[in-house]
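This is entry34.txt. It holds compact mmCIF, C-alpha atoms.
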```txt
# COMPACT_ATOMS: atom_id res chain seq x y z
CA MET A 27 37.89 -15.49 -17.20
CA ALA A 28 34.28 -15.88 -18.25
CA THR A 29 33.77 -18.51 -15.56
CA ALA A 30 35.19 -16.21 -12.91
CA LEU A 31 32.93 -13.38 -14.07
CA MET A 32 29.87 -15.59 -13.94
CA LEU A 33 30.83 -16.78 -10.49
CA ALA A 34 31.18 -13.18 -9.37
CA VAL A 35 27.75 -12.38 -10.81
CA GLY A 36 26.28 -15.35 -8.97
CA VAL A 37 27.87 -14.40 -5.67
CA LEU A 38 26.84 -10.77 -6.01
CA ALA A 39 23.30 -11.77 -6.91
CA LEU A 40 23.08 -13.89 -3.78
CA LEU A 41 24.42 -10.98 -1.76
CA VAL A 42 21.74 -8.72 -3.25
CA PHE A 43 19.18 -11.38 -2.35
CA LEU A 44 20.33 -11.25 1.27
CA LEU A 45 20.28 -7.44 1.29
CA PHE A 46 16.73 -7.33 -0.04
CA ALA A 47 15.75 -9.91 2.58
CA ILE A 48 17.09 -7.54 5.26
CA VAL A 49 15.11 -4.67 3.72
CA VAL A 50 11.95 -6.80 3.76
CA GLU A 51 12.55 -7.58 7.43
CA LEU A 52 13.01 -3.88 8.23
CA TYR A 53 9.75 -2.94 6.52
CA ARG A 54 7.93 -5.70 8.37
CA GLY A 55 9.36 -4.40 11.63
CA VAL A 56 8.17 -0.87 10.89
CA ARG A 57 4.72 -2.18 9.99
CA GLN A 58 4.59 -4.07 13.26
CA LEU A 59 5.40 -0.87 15.16
CA ARG A 60 2.77 1.08 13.23
CA GLU A 61 0.22 -1.64 13.91
CA VAL A 62 0.91 -1.34 17.64
CA ALA A 63 0.69 2.45 17.43
CA GLY A 64 -2.57 2.24 15.45
CA ILE A 65 -1.35 4.33 12.53
CA LEU A 66 -1.65 1.89 9.67
CA ASP A 67 -3.20 3.22 6.47
CA ARG A 68 -5.57 0.30 5.92
CA PRO A 69 -9.21 0.92 4.98
CA LEU A 70 -11.74 -1.62 6.19
CA ASP A 71 -14.76 -2.61 4.14
CA VAL A 72 -18.09 -1.76 5.74
CA ASP A 73 -20.86 -4.30 5.17
CA LEU A 74 -23.88 -2.34 4.03
CA GLY A 75 -26.35 -5.18 4.37
CA ASP A 76 -29.86 -3.97 3.51
CA VAL A 77 -28.59 -0.44 2.90
CA ALA A 78 -26.80 -1.53 -0.29
CA GLY A 79 -28.63 -0.43 -3.42
CA THR A 80 -30.94 1.99 -1.59
CA LYS A 81 -31.37 5.65 -2.35
CA PRO A 82 -29.50 8.06 -0.06
CA SER A 83 -32.64 10.11 0.62
CA ALA A 84 -34.26 7.03 2.18
CA HIS A 85 -31.85 7.47 5.09
CA GLY A 86 -32.21 11.19 5.51
CA LEU A 87 -29.42 12.23 3.13
CA PRO A 88 -30.05 15.04 0.61
CA ALA A 89 -32.29 14.19 -2.34
CA ALA A 90 -29.63 15.64 -4.67
CA LEU A 91 -27.59 12.49 -4.06
CA ASP A 92 -30.40 10.39 -5.58
CA SER A 93 -29.46 11.81 -8.97
CA ALA A 94 -25.70 11.83 -8.50
CA ALA A 95 -23.75 9.76 -11.02
CA SER A 96 -20.95 9.23 -8.54
CA ALA A 97 -20.17 10.74 -5.17
CA ILE A 98 -18.65 10.01 -1.78
CA VAL A 99 -20.60 10.73 1.42
CA LEU A 100 -18.11 11.06 4.26
CA PHE A 101 -19.36 10.73 7.81
CA LEU A 102 -17.23 12.63 10.34
CA SER A 103 -17.44 13.08 14.06
CA ASP A 104 -16.01 15.91 16.13
CA ARG A 105 -14.74 13.40 18.68
CA CYS A 106 -12.64 11.38 16.25
CA GLY A 107 -8.98 12.21 15.70
CA THR A 108 -8.83 10.89 12.16
CA CYS A 109 -11.99 12.88 11.33
CA GLN A 110 -10.27 16.04 12.56
CA ALA A 111 -7.24 15.24 10.39
CA LEU A 112 -9.45 14.67 7.34
CA ALA A 113 -11.32 17.92 7.91
CA ALA A 114 -8.01 19.77 8.29
CA GLY A 115 -6.99 18.37 4.93
CA PHE A 116 -9.91 20.10 3.19
CA ARG A 117 -8.39 23.53 3.95
CA GLY A 118 -11.85 25.06 4.03
CA VAL A 119 -12.98 23.80 0.61
CA LEU A 120 -14.67 20.47 -0.04
CA PRO A 121 -13.41 18.52 -3.07
CA ALA A 122 -15.90 18.11 -5.88
CA GLN A 123 -18.32 15.19 -5.49
CA LEU A 124 -17.58 14.88 -1.78
CA TRP A 125 -20.46 15.27 0.63
CA VAL A 126 -19.72 15.54 4.34
CA VAL A 127 -22.08 14.59 7.16
CA LEU A 128 -20.85 15.96 10.48
CA GLU A 129 -22.03 14.30 13.66
CA ALA A 130 -21.61 16.52 16.72
CA PRO A 131 -23.42 16.23 20.06
CA THR A 132 -24.23 19.93 20.51
CA PRO A 133 -24.55 23.03 18.31
CA ARG A 134 -21.56 24.53 20.08
CA ALA A 135 -19.41 21.49 19.23
CA THR A 136 -20.57 21.79 15.62
CA GLU A 137 -19.63 25.47 15.46
CA GLU A 138 -16.24 24.81 16.98
CA PHE A 139 -15.50 22.01 14.54
CA LEU A 140 -16.54 24.05 11.51
CA ALA A 141 -14.67 27.14 12.70
CA ALA A 142 -11.52 25.15 13.42
CA HIS A 143 -11.46 23.83 9.89
CA ARG A 144 -12.83 26.96 8.16
CA LEU A 145 -15.82 25.12 6.78
CA THR A 146 -18.89 27.18 5.93
CA ALA A 147 -22.03 26.55 3.90
CA ALA A 148 -20.55 28.65 1.09
CA SER A 149 -17.15 26.96 1.06
CA ALA A 150 -18.76 23.53 1.18
CA GLY A 151 -20.90 24.27 -1.88
CA GLY A 152 -24.00 23.07 -0.12
CA ARG A 153 -22.46 19.62 0.40
CA LEU A 154 -22.01 19.88 4.17
CA LEU A 155 -24.70 18.48 6.47
CA VAL A 156 -24.89 18.52 10.22
CA ASP A 157 -26.38 15.34 11.67
CA ALA A 158 -27.57 16.97 14.88
CA ALA A 159 -28.55 14.01 17.02
CA GLY A 160 -26.91 11.36 14.92
CA LYS A 161 -30.24 10.58 13.29
CA ILE A 162 -28.87 9.89 9.84
CA ALA A 163 -26.11 7.70 11.25
CA GLU A 164 -28.66 5.82 13.32
CA ARG A 165 -30.96 5.24 10.35
CA ILE A 166 -28.08 3.82 8.35
CA GLY A 167 -26.79 1.82 11.30
CA LEU A 168 -23.41 3.57 11.41
CA ARG A 169 -21.47 3.28 14.66
CA THR A 170 -18.00 4.32 13.60
CA THR A 171 -16.29 7.23 11.87
CA PRO A 172 -14.80 8.24 9.56
CA VAL A 173 -16.65 6.17 6.97
CA GLY A 174 -17.06 7.00 3.30
CA PHE A 175 -20.16 5.78 1.46
CA ARG A 176 -19.90 5.42 -2.30
CA VAL A 177 -22.89 6.62 -4.34
CA GLU A 178 -23.24 5.45 -7.93
CA ASN A 179 -26.16 6.35 -10.15
CA GLY A 180 -28.12 7.57 -7.17
CA HIS A 181 -27.70 4.46 -5.06
CA LEU A 182 -25.50 3.55 -2.09
CA VAL A 183 -23.23 0.81 -3.39
CA GLY A 184 -20.41 0.46 -0.90
CA ALA A 185 -18.57 1.88 2.07
CA THR A 186 -15.16 1.74 3.70
CA THR A 187 -13.46 3.33 6.66
CA VAL A 188 -11.28 6.27 5.64
CA PRO A 189 -7.97 6.14 7.51
CA SER A 190 -6.26 9.13 5.84
CA THR A 191 -6.58 12.09 3.48
CA ARG A 192 -4.37 10.18 1.08
CA TYR A 193 -6.88 7.33 0.94
CA LEU A 194 -9.82 9.74 0.64
CA SER A 195 -8.15 11.37 -2.37
CA SER A 196 -7.76 7.97 -3.97
CA ILE A 197 -11.47 7.10 -3.73
CA LEU A 198 -12.94 10.45 -4.78
CA PRO A 199 -14.50 10.15 -8.24
CA GLN A 200 -12.23 11.77 -10.80
CA ARG A 201 -13.66 13.67 -13.72
CA VAL A 202 -11.85 13.51 -17.04
CA HIS A 203 -12.56 16.47 -19.28
CA LEU A 204 -12.46 16.33 -23.06
CA GLU A 205 -10.10 18.76 -24.75
CA ARG A 206 -11.71 19.64 -28.04
CA PRO A 207 -9.96 21.97 -30.47
CA PRO A 208 -11.54 25.40 -30.94
CA LEU A 209 -14.29 25.43 -33.57
CA VAL A 210 -13.19 26.77 -36.95
CA GLN A 211 -15.77 29.04 -38.60
CA GLU A 212 -16.87 27.92 -42.10
CA ARG A 213 -15.90 30.31 -44.86
CA ALA A 214 -18.69 31.56 -47.08
CA PRO A 215 -18.43 30.14 -50.65
CA VAL A 216 -17.03 32.58 -53.22
CA MET B 22 17.66 -31.06 -20.07
CA VAL B 23 15.10 -32.42 -17.61
CA ALA B 24 17.84 -33.50 -15.23
CA THR B 25 19.39 -30.03 -15.43
CA GLY B 26 16.05 -28.43 -14.66
CA VAL B 27 15.48 -30.74 -11.71
CA ALA B 28 18.97 -30.07 -10.36
CA LEU B 29 18.57 -26.31 -10.66
CA ALA B 30 15.13 -26.35 -9.07
CA MET B 31 16.40 -28.34 -6.10
CA ALA B 32 19.45 -26.09 -5.88
CA ALA B 33 17.33 -22.95 -5.87
CA VAL B 34 15.06 -24.27 -3.13
CA LEU B 35 17.99 -25.37 -0.94
CA LEU B 36 19.96 -22.18 -1.58
CA TRP B 37 17.00 -19.98 -0.63
CA ALA B 38 16.30 -22.04 2.47
CA GLY B 39 19.93 -22.21 3.54
CA LEU B 40 20.63 -18.50 3.10
CA GLU B 41 17.45 -17.47 4.94
CA LYS B 42 18.33 -19.79 7.81
CA ALA B 43 21.90 -18.48 7.88
CA ARG B 44 20.60 -14.90 8.05
CA SER B 45 18.55 -15.65 11.12
CA LEU B 46 19.75 -18.68 13.14
CA ALA B 47 17.81 -18.05 16.34
CA PRO B 48 14.37 -19.07 15.03
CA VAL B 49 15.87 -22.20 13.46
CA ALA B 50 17.59 -23.11 16.73
CA SER B 51 14.26 -22.65 18.50
CA ILE B 52 12.53 -24.98 16.05
CA LEU B 53 15.26 -27.62 16.44
CA ALA B 54 14.97 -27.38 20.22
CA GLN B 55 11.22 -27.99 19.91
CA LEU B 56 12.02 -31.06 17.84
CA GLY B 57 14.18 -32.47 20.60
CA VAL B 58 17.67 -31.19 19.87
CA PRO B 59 19.35 -30.25 23.19
CA ALA B 60 19.10 -26.51 23.74
CA SER B 61 22.86 -26.19 24.29
CA SER B 62 23.62 -27.49 20.81
CA ALA B 63 20.55 -26.21 18.96
CA ARG B 64 22.31 -23.12 17.61
CA THR B 65 25.25 -25.19 16.35
CA ALA B 66 22.83 -27.61 14.75
CA ALA B 67 21.02 -24.71 13.09
CA ALA B 68 24.27 -23.37 11.66
CA LEU B 69 25.21 -26.85 10.41
CA LEU B 70 21.81 -27.27 8.79
CA ALA B 71 22.06 -23.93 6.98
CA ALA B 72 25.61 -24.68 5.86
CA THR B 73 24.62 -28.15 4.63
CA GLU B 74 21.72 -26.77 2.62
CA VAL B 75 23.95 -24.18 0.96
CA ALA B 76 26.70 -26.74 0.32
CA VAL B 77 24.29 -29.26 -1.21
CA ALA B 78 22.74 -26.50 -3.32
CA LEU B 79 26.16 -25.53 -4.68
CA GLY B 80 26.89 -29.21 -5.24
CA LEU B 81 23.72 -29.51 -7.33
CA VAL B 82 24.90 -26.61 -9.47
CA PHE B 83 28.55 -27.64 -9.89
CA ARG B 84 28.52 -31.42 -9.30
CA PRO B 85 24.92 -32.58 -9.74
CA GLY B 86 25.70 -36.22 -10.31
CA SER B 87 28.31 -36.73 -7.62
CA ALA B 88 27.69 -39.22 -4.84
CA ALA B 89 28.37 -36.63 -2.14
CA THR B 90 25.82 -34.18 -3.54
CA LEU B 91 23.13 -36.79 -3.96
CA ALA B 92 23.83 -38.20 -0.51
CA GLY B 93 23.37 -34.69 0.81
CA VAL B 94 20.03 -34.34 -0.97
CA VAL B 95 18.80 -37.67 0.38
CA GLY B 96 20.08 -36.86 3.87
CA LEU B 97 18.37 -33.47 3.98
CA ALA B 98 15.13 -34.85 2.57
CA CYS B 99 15.10 -37.59 5.21
CA ALA B 100 15.86 -35.03 7.94
CA PHE B 101 12.96 -32.83 6.79
CA ALA B 102 10.63 -35.84 6.68
CA ILE B 103 11.68 -36.96 10.18
CA ALA B 104 11.07 -33.43 11.48
CA GLY B 105 7.60 -33.51 9.95
CA LEU B 106 6.87 -36.91 11.46
CA ILE B 107 8.01 -35.79 14.92
CA ALA B 108 5.70 -32.78 14.79
CA PHE B 109 2.85 -34.98 13.52
CA TRP B 110 3.26 -37.71 16.17
CA ARG B 111 3.50 -35.20 18.97
CA HIS B 112 0.46 -33.33 17.66
CA GLU B 113 2.42 -30.16 18.16
CA ARG B 114 2.18 -27.03 16.08
CA ILE B 115 5.85 -26.41 15.29
CA ARG B 116 6.61 -23.64 12.81
CA CYS B 117 8.40 -24.82 9.71
CA GLY B 118 10.94 -22.01 9.28
CA CYS B 119 11.94 -23.76 6.06
CA PHE B 120 12.42 -20.52 4.10
CA GLY B 121 13.15 -18.13 6.92
CA PRO B 122 11.42 -16.81 10.04
CA TYR B 123 8.27 -15.61 8.23
CA GLY B 124 5.21 -17.49 7.14
CA ASN B 125 2.75 -19.58 9.10
CA ALA B 126 3.59 -22.99 7.62
CA THR B 127 4.03 -25.75 10.17
CA LEU B 128 5.93 -29.03 10.16
CA GLY B 129 3.87 -32.12 9.45
CA LEU B 130 2.99 -34.60 6.76
CA GLY B 131 3.88 -32.06 4.08
CA GLN B 132 7.57 -32.75 4.64
CA VAL B 133 6.89 -36.50 4.49
CA ALA B 134 4.99 -36.06 1.23
CA ALA B 135 7.91 -34.12 -0.23
CA LEU B 136 10.34 -36.97 0.51
CA PRO B 137 9.51 -39.03 -2.61
CA ILE B 138 9.93 -35.89 -4.73
CA TRP B 139 13.42 -35.25 -3.36
CA LEU B 140 14.37 -38.92 -3.69
CA GLY B 141 12.97 -39.03 -7.21
CA GLY B 142 15.00 -35.97 -8.15
CA ALA B 143 18.16 -37.50 -6.70
CA ALA B 144 17.51 -40.76 -8.55
CA LEU B 145 17.00 -38.91 -11.83
CA LEU B 146 20.29 -37.04 -11.40
CA TRP B 147 22.11 -40.25 -10.58
CA LEU B 148 20.76 -42.01 -13.66
CA GLU B 149 21.27 -39.10 -16.03
CA SER B 150 24.78 -38.03 -15.03
CA PRO B 151 26.44 -40.45 -12.62
CA GLY B 152 29.58 -38.78 -11.28
CA GLN B 153 29.99 -36.42 -14.24
CA ALA B 154 30.95 -32.81 -13.69
CA PRO B 155 29.38 -30.24 -16.06
CA ASP B 156 31.35 -27.52 -17.76
CA GLY B 157 32.63 -24.87 -15.30
CA LEU B 158 31.29 -21.92 -17.29
CA ARG B 159 27.89 -23.54 -17.60
CA SER B 160 27.69 -24.21 -13.87
CA ALA B 161 28.75 -20.66 -13.03
CA SER B 162 26.09 -19.37 -15.43
CA TRP B 163 23.45 -21.47 -13.73
CA LEU B 164 24.54 -20.11 -10.35
CA ALA B 165 24.28 -16.57 -11.69
CA LEU B 166 20.82 -17.31 -13.09
CA ILE B 167 19.60 -18.77 -9.80
CA GLY B 168 21.07 -15.88 -7.83
CA LEU B 169 19.55 -13.24 -10.10
CA THR B 170 16.14 -14.92 -9.99
CA MET B 171 16.20 -15.08 -6.21
CA ALA B 172 17.29 -11.45 -5.96
CA ALA B 173 14.55 -10.38 -8.39
CA LEU B 174 11.84 -12.18 -6.41
CA ARG B 175 13.02 -10.57 -3.18
CA ALA B 176 13.23 -7.17 -4.92
CA VAL B 177 9.58 -7.44 -5.97
CA GLN B 178 8.61 -8.20 -2.38
CA ALA B 179 10.68 -5.29 -1.07
CA CYS B 180 9.12 -2.87 -3.59
CA LYS B 181 5.61 -3.93 -2.57
CA LEU B 182 6.36 -3.44 1.12
CA SER B 183 8.03 -0.12 0.34
CA ARG B 184 4.85 1.16 -1.33
CA GLU B 185 2.72 0.08 1.62
CA ALA B 186 5.15 1.64 4.08
CA ARG B 187 5.08 4.90 2.12
CA GLY B 188 1.30 5.04 2.42
CA ASP B 189 1.48 4.33 6.15
CA ARG B 190 4.20 6.95 6.60
CA ARG B 191 2.24 9.64 4.81
CA SER B 192 -0.86 8.82 6.84
CA ALA B 193 1.14 9.00 10.06
CA LEU B 194 2.63 12.33 8.94
CA GLU B 195 -0.89 13.73 8.43
CA MET B 196 -1.80 12.77 11.96
CA LEU B 197 1.47 14.05 13.40
CA LEU B 198 1.04 17.41 11.65
CA TRP B 199 -2.48 17.80 12.98
CA LEU B 200 -1.97 16.60 16.58
CA PRO B 201 0.06 19.59 17.91
CA ARG B 202 -2.69 22.07 16.91
```

Would you mind writing the structure in this file as structure tokens?
Amino acid sequence: MATALMLAVGVLALLVFLLFAIVVELYRGVRQLREVAGILDRPLDVDLGDVAGTKPSAHGLPAALDSAASAIVLFLSDRCGTCQALAAGFRGVLPAQLWVVLEAPTPRATEEFLAAHRLTAASAGGRLLVDAAGKIAERIGLRTTPVGFRVENGHLVGATTVPSTRYLSSILPQRVHLERPPLVQERAPV
Amino acid sequence: MVATGVALAMAAVLLWAGLEKARSLAPVASILAQLGVPASSARTAAALLAATEVAVALGLVFRPGSAATLAGVVGLACAFAIAGLIAFWRHERIRCGCFGPYGNATLGLGQVAALPIWLGGAALLWLESPGQAPDGLRSASWLALIGLTMAALRAVQACKLSREARGDRRSALEMLLWLPR
């Protein structure tokens, strides 16, 4: 009896092995289709070269970033589909510690982009820049969007492409707040 | 104990290879055709190869010391080595397909280098337990252990791909939601 049970376990385990192998093949097939369609969620590292370790203001970015402990500077373009999707994901309000640099060829294109995604100076908390003639991008040597630059202790330390809102959420610096108990007032001695 | 470990390791390798080949015979038939097997009989040869690997693997679990099992091990090892030599002499890049249709490994001197390992394992089994059959319950337990290990390894791979696919799906959904606007 025990032998038969063990045999059954062995056979079932091998069947499960084959089923998981089929599942693996299905996922690989889906990934292949997504690769062809260009909708893979895979960030690419951007080689900063000489830009690594420099202060953001040296490239025309706001001086406030030079004193930022951690921040993401996201370069968007009005002509880029993924950029439009990322901007739509903000729902008019920029996440904390995210700075956005918008590259648009004309003032009209800039207005249309901002209006479409309900972005204003107020809603962006002063963290929205318009790179009118692509000057900042040119100084940094950026030729593609969307790209997120990581700022740590006031220096540019890394960059990746940003393929989705999901990925952007994962790289935004998270703040952890302490939860201290309310202070108890000292009683006066009797 | 060492002989048992060697037998189970060889059985696991052959069982994995045989089941993956059986699941997808076309790539194996293609590889055999590249090695010189006539195209008309390549698929039959692929099926025979997969069946032999599974049979030898089960033999290593249930009858590790039997002459038939060890002859099967030696025969398969020699076949693998010959396939590697053919690919090497022809200077052709022929995919291995040893553990299924994935992976970029190619046939070559690697299979020849593995031959002494297979032969050594077969020799060890012959010396340690010539012709003896282990207890039925023990053999069935070993089969269960091998099967569960293989299933667990595949499950880990499937979970990893599932997480990646979920990320890709959510990204695609973002784009699909935005595009109609």

Students should find that atom CA of Trp125 of chain A and atom CA of Asp189 of chain B are spaced 25.1 Å

Could you make a table, as a tab-separated table, of the residues of chain A that have an atom within 7 Å of an atom of chain B, each with its nearest atom pair and distance in Å to one decimal, counting all atoms listed in the file, in chain and number order?
```
residue	atom	partner	partner_atom	distance
A:Ala28	CA	B:Leu158	CA	6.8
A:Thr29	CA	B:Leu158	CA	4.6
A:Met32	CA	B:Ala161	CA	5.3
A:Leu33	CA	B:Ala161	CA	5.1
A:Val35	CA	B:Ala165	CA	5.5
A:Gly36	CA	B:Ala165	CA	3.6
A:Ala39	CA	B:Gly168	CA	4.8
A:Leu40	CA	B:Gly168	CA	4.9
A:Val42	CA	B:Ala172	CA	5.9
A:Phe43	CA	B:Ala172	CA	4.1
A:Phe46	CA	B:Arg175	CA	5.8
A:Ala47	CA	B:Arg175	CA	6.4
A:Val49	CA	B:Ala179	CA	6.6
A:Val50	CA	B:Ala179	CA	5.2
A:Tyr53	CA	B:Leu182	CA	6.4
A:Ile65	CA	B:Ala193	CA	5.8
A:Leu66	CA	B:Asp189	CA	5.3
A:Asp67	CA	B:Asp189	CA	4.8
A:Ala111	CA	B:Trp199	CA	6.0
A:Ser190	CA	B:Ser192	CA	5.5
A:Arg192	CA	B:Ser192	CA	6.9
```

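The coordinates place atom CA of Pro82 of chain A at 6.4 Å from atom CA of His181 of chain A.
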
Taking into account all atoms listed in the file, which residue in the set A:Leu74, A:Leu41, A:Val173, A:Val56 is nearest to Val99 of chain A?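 The closest residue to Val99 of chain A is A:Val173.
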
**Asked** Can you tell me, as a PyMOL selection string, what residues are no more than 6 Å from segment 28-35 of chain B when counting all atoms listed in the file, ignoring any on the same chain fewer than 3 positions away?
**Response** chain B and resi 25+38-39+74+78+81

Gap from atom CA of Ala104 of chain B to atom CA of Gly57 of chain B - Å, one decimal: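 Going from atom CA of Ala104 of chain B over to atom CA of Gly57 of chain B covers 9.7 Å.
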
Please tell me which residues are no farther than 7 Å from (-14.3, 10.1, 7.8) in the file, counting only C-alpha atoms, and write them as a CSV table (one decimal) with C-alpha atoms, keeping the file's coordinate frame.
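What landed in point-v1.csv:
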```csv
chain,number,residue,atom,x,y,z
A,100,LEU,CA,-18.1,11.1,4.3
A,101,PHE,CA,-19.4,10.7,7.8
A,102,LEU,CA,-17.2,12.6,10.3
A,109,CYS,CA,-12.0,12.9,11.3
A,112,LEU,CA,-9.4,14.7,7.3
A,171,THR,CA,-16.3,7.2,11.9
A,172,PRO,CA,-14.8,8.2,9.6
A,173,VAL,CA,-16.6,6.2,7.0
A,174,GLY,CA,-17.1,7.0,3.3
A,187,THR,CA,-13.5,3.3,6.7
A,188,VAL,CA,-11.3,6.3,5.6
```

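Look at Gly75 of chain A: the protein and nucleic acid residues within 12 Å of it, using only C-alpha atoms and passing over chain neighbours fewer than 6 places away, are Ile166, Gly167, Leu168, Leu182, Val183, Gly184 and Ala185 of chain A.
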
Counting all atoms listed in the file, the option among B:Ala100, B:Leu53, B:Ala66, B:Leu128 closest to Glu113 of chain B: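 For Glu113 of chain B, the nearest of the given residues is B:Leu128.
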
- Task: Just the residues within 12 Å of Ala142 of chain A, please, counting all atoms listed in the file, with nothing from its chain fewer than 6 positions along; format it as a list in words.
- Result: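 Once the nearby chain positions are removed, what remains is Asp104, Gln110, Ala111, Ala113, Ala114, Gly115, Phe116, Arg117, Gly118, Ala135 and Thr136 of chain A; Trp199 and Arg202 of chain B.
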
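Residue nearest Glu164 of chain A within the list A:Gly86, A:Ala34, A:Leu59, A:Asp76: A:Gly86 [criterion: smallest interatomic distance, only C-alpha atoms].
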
Shortest contact to Ala150 of chain A, candidates A:Leu70, A:Leu124, A:Cys106, A:Leu38, atoms counted all atoms listed in the file, goes to A:Leu124

Can you pull out every residue within 8 Å of Pro199 of chain A, counting only C-alpha atoms, but drop anything in the same chain fewer than 3 positions away, and send it as a ChimeraX atom specification?
/A:96-98,123

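Across A:Gly107, A:Pro189, A:Gly160, A:Pro88, the tightest approach to Leu128 of chain A is made by A:Gly160 when counting only C-alpha atoms.
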